[in-house]
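What follows is one structure encoded as structure tokens, with my remarks underneath.
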Amino acid sequence: MELTYLRTLVEVADRGSYTEAAERLGYAQSSVTAQIQKLEEAYGAVLLERRGRRMALTESGETLLGYARQILSLHAESRDAVASGGKGTLTIGTIETVASYYLPKRLQIFGQSHPDMNVALVTGNESQIIKMVKEGSLDAGFILDPPYADPELHVRLIQEQDLLIVTSPEHRFGARNTLSLRDLEGESVILTEEGCTYRALLLQSLRKEAVPCRLSYEFGSLQAIKQGVGYGLGIALLPRIAVEKEIASGQLHAARLDRSEFRFCIQLLYAKRRRVSQAFEAFVHVMSGSGSIGEETAIHRNE
């Protein structure tokens, strides 16, 4: 039985749709349908049925889903056990900000001490990463969020990050170092893609305070957002780590919001039940900068 089929079952069950599962897995919808059919043939039972517009598990499907999650988790553990000898692949989930601006230097350090270890980065939003770490399809994950806690996960708070209002140097905020939400009234705002936690925080705060803004653009790329801000298309809320170079060079200006909730943390997550190899322990040590495995470490503040 191919692990691929079981992973497909999990995705369809979680999303309630062949189409959405296919998009998430990068398959054609016909491939997802064929894989489910092969599972049903192998087990001699109907696993999914349509209920309204969604696909739902039958009783047999619910039973198999529990085993599928365990099998996928054990498979991830077995890969790590093999990797304990210094060879193998670590599959890491990350958001774009951390992948682009935090990880490269640390991956270089890890690669120098473990040249036979491969690291595969899987990008997604925070909720996807947390779910996949808990399921065992990711060895670890990085998120940028308020401090997170979950009884199933070890959480390392690595670095505190200000969320900054970024503008062009010529903008009316160009001489301001601190802003209130009310200062943003009437501004054109460039948003990150939906699913981003700091986008959600900004929109929620603006609604709560009844601050009218023009939500003019939505870009899926941080680089595109920075370019748009530089050309005066609008302002944006971005983590300091993503704009440090542009601020230092004078290409962009940034100001803090005078609210404590606009400080997030880069955090490393991994499942408490997973087997910890020497290679994985070294990876966690390099990524977090200090401490021993399993320890919830203090925040290294980025002042």
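Residue numbering restarts at 1 for every chain of the structure tokens, chains are lettered A, B, ... in their displayed order, and ligands are numbered from 1 as they appear.
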
List every residue of range 232-281 of chain A that has an atom at most 10 Å from any atom of range 132-147 of chain A, and for each one report the closest atom pair and its distance in Å to one decimal, counting only C-alpha atoms, with rows sorted by chain and then by increasing residue number, as a Markdown table.
| residue | atom | partner | partner_atom | distance |
| --- | --- | --- | --- | --- |
| A:Pro239 | CA | A:Leu144 | CA | 9.0 |
| A:Glu261 | CA | A:Pro146 | CA | 7.8 |
| A:Phe262 | CA | A:Pro146 | CA | 8.7 |
| A:Arg263 | CA | A:Pro146 | CA | 7.3 |
| A:Phe264 | CA | A:Pro146 | CA | 4.8 |
| A:Cys265 | CA | A:Leu144 | CA | 5.4 |
| A:Ile266 | CA | A:Leu144 | CA | 4.5 |
| A:Gln267 | CA | A:Ile143 | CA | 5.4 |
| A:Leu268 | CA | A:Phe142 | CA | 4.7 |
| A:Leu269 | CA | A:Gly141 | CA | 5.1 |
| A:Tyr270 | CA | A:Ala140 | CA | 4.6 |
| A:Ala271 | CA | A:Lys134 | CA | 5.9 |
| A:Lys272 | CA | A:Lys134 | CA | 9.0 |
| A:Arg273 | CA | A:Lys134 | CA | 9.2 |
| A:Arg274 | CA | A:Gly136 | CA | 7.9 |
| A:Arg275 | CA | A:Asp139 | CA | 9.9 |
| A:Val276 | CA | A:Asp139 | CA | 9.9 |
| A:Phe280 | CA | A:Asp139 | CA | 8.6 |

- Could you pull out all residues of range 149-269 of chain A with a DSSP call of strand (DSSP E) and give them as a PyMOL selection string? chain A and resi 153-167+178-179+188-191+214-218+236-239+253-257+263-269

- For each of A:Ile165, A:Leu64, A:Ala248, A:Leu25, take the minimum atom-to-atom distance to Ser188 in chain A, counting only C-alpha atoms, then give the residue where this is smallest.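 Checking each of A:Ile165, A:Leu64, A:Ala248, A:Leu25 against Ser188 in chain A, counting only C-alpha atoms, the winner is A:Ile165.
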
Neighbours of Leu164 in chain A within 7 Å (only C-alpha atoms; same-chain residues fewer than 4 positions away dropped), as a PDB file with N, CA and C atoms, in the first residue's frame?
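And here is the file that came out, selection39.pdb:
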ATOM      1  N   LEU A 237       2.046  46.548   6.456  1.00  0.00           N
ATOM      2  CA  LEU A 237       2.489  46.042   7.759  1.00  0.00           C
ATOM      3  C   LEU A 237       3.378  44.838   7.510  1.00  0.00           C
ATOM      4  N   LEU A 238       4.653  44.936   7.891  1.00  0.00           N
ATOM      5  CA  LEU A 238       5.612  43.860   7.652  1.00  0.00           C
ATOM      6  C   LEU A 238       6.503  43.668   8.875  1.00  0.00           C
ATOM      7  N   PRO A 239       7.034  42.446   9.084  1.00  0.00           N
ATOM      8  CA  PRO A 239       7.980  42.216  10.178  1.00  0.00           C
ATOM      9  C   PRO A 239       9.293  42.945   9.914  1.00  0.00           C
ATOM     10  N   ARG A 240       9.921  43.391  10.991  1.00  0.00           N
ATOM     11  CA  ARG A 240      11.182  44.130  10.858  1.00  0.00           C
ATOM     12  C   ARG A 240      12.213  43.327  10.068  1.00  0.00           C
ATOM     13  N   ALA A 254      10.146  53.036   8.168  1.00  0.00           N
ATOM     14  CA  ALA A 254       9.272  52.194   8.978  1.00  0.00           C
ATOM     15  C   ALA A 254       9.018  52.841  10.330  1.00  0.00           C
ATOM     16  N   ALA A 255       7.822  52.629  10.859  1.00  0.00           N
ATOM     17  CA  ALA A 255       7.442  53.153  12.174  1.00  0.00           C
ATOM     18  C   ALA A 255       6.712  52.062  12.950  1.00  0.00           C
ATOM     19  N   ARG A 256       6.913  52.047  14.257  1.00  0.00           N
ATOM     20  CA  ARG A 256       6.206  51.100  15.110  1.00  0.00           C
ATOM     21  C   ARG A 256       4.795  51.588  15.384  1.00  0.00           C
ATOM     22  N   LEU A 257       3.894  50.647  15.590  1.00  0.00           N
ATOM     23  CA  LEU A 257       2.563  50.967  16.091  1.00  0.00           C
ATOM     24  C   LEU A 257       2.601  50.941  17.613  1.00  0.00           C
TER      25      LEU A 257
END

- Task: Determine which residues of range 45-118 of chain A receive a DSSP assignment of alpha helix (DSSP H), computed from the backbone, and state them as an MDAnalysis selection string.
- Result: chainID A and resid 59:83 96:101 103:113

Given the selection you just returned, output its residues as a file containing C-alpha atoms, formatted as a tab-separated table (two decimals), in the first residue's frame.
chain	number	residue	atom	x	y	z
A	59	GLU	CA	-17.63	4.79	9.28
A	60	SER	CA	-15.02	2.65	7.50
A	61	GLY	CA	-13.24	5.79	6.36
A	62	GLU	CA	-13.11	7.15	9.91
A	63	THR	CA	-11.53	3.91	11.08
A	64	LEU	CA	-8.90	3.94	8.35
A	65	LEU	CA	-8.15	7.64	8.88
A	66	GLY	CA	-6.92	6.96	12.41
A	67	TYR	CA	-4.54	4.28	11.15
A	68	ALA	CA	-3.43	6.47	8.24
A	69	ARG	CA	-2.37	9.26	10.59
A	70	GLN	CA	-0.41	6.79	12.74
A	71	ILE	CA	1.28	5.20	9.71
A	72	LEU	CA	2.34	8.59	8.32
A	73	SER	CA	3.68	9.62	11.71
A	74	LEU	CA	5.65	6.36	12.07
A	75	HIS	CA	7.01	6.83	8.57
A	76	ALA	CA	8.30	10.28	9.54
A	77	GLU	CA	9.89	8.81	12.68
A	78	SER	CA	11.53	6.02	10.70
A	79	ARG	CA	13.10	8.54	8.32
A	80	ASP	CA	14.48	10.42	11.27
A	81	ALA	CA	15.81	7.22	12.85
A	82	VAL	CA	17.75	6.51	9.68
A	83	ALA	CA	18.93	10.12	9.65
A	96	GLU	CA	7.88	32.92	3.47
A	97	THR	CA	9.21	35.56	5.89
A	98	VAL	CA	11.19	33.04	7.93
A	99	ALA	CA	12.33	31.11	4.85
A	100	SER	CA	13.68	34.24	3.17
A	101	TYR	CA	15.10	36.28	6.02
A	103	LEU	CA	16.73	30.55	7.84
A	104	PRO	CA	19.42	30.94	5.13
A	105	LYS	CA	22.32	31.84	7.44
A	106	ARG	CA	21.37	29.16	9.97
A	107	LEU	CA	20.90	26.51	7.30
A	108	GLN	CA	24.41	27.31	6.09
A	109	ILE	CA	25.75	26.73	9.62
A	110	PHE	CA	23.82	23.46	9.97
A	111	GLY	CA	25.00	22.29	6.54
A	112	GLN	CA	28.63	22.86	7.46
A	113	SER	CA	28.37	20.54	10.48

- Using only C-alpha atoms, which of A:His171, A:Arg24, A:Arg199, A:Lys38 sits nearest Gly220 in chain A?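 When distances to Gly220 in chain A are compared using only C-alpha atoms, the smallest one comes from A:Arg199.
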
- Using only C-alpha atoms, the shortest atom-to-atom distance to Ser221 in chain A among A:Ile129, A:Ile190, A:Ile241, A:Ala22 belongs to A:Ile190

- Which is closer to Thr19 in chain A than all the others in A:Gln37, A:Ala200, A:Arg54, A:Leu121, using only C-alpha atoms?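 Closest to Thr19 in chain A of all the choices is A:Arg54.
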
- So, counting only C-alpha atoms, which residue among A:Glu160, A:Glu40, A:Glu49, A:Glu2 is closest to Ser17 in chain A?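 Ranked by minimum distance to Ser17 in chain A, first place goes to A:Glu49.
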
- Item | Given only C-alpha atoms as the counted atoms, nearest of A:Ser249, A:Ser31, A:Ser277, A:Thr89 to Thr4 in chain A |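 Under the stated criterion, the closest residue is A:Ser31.
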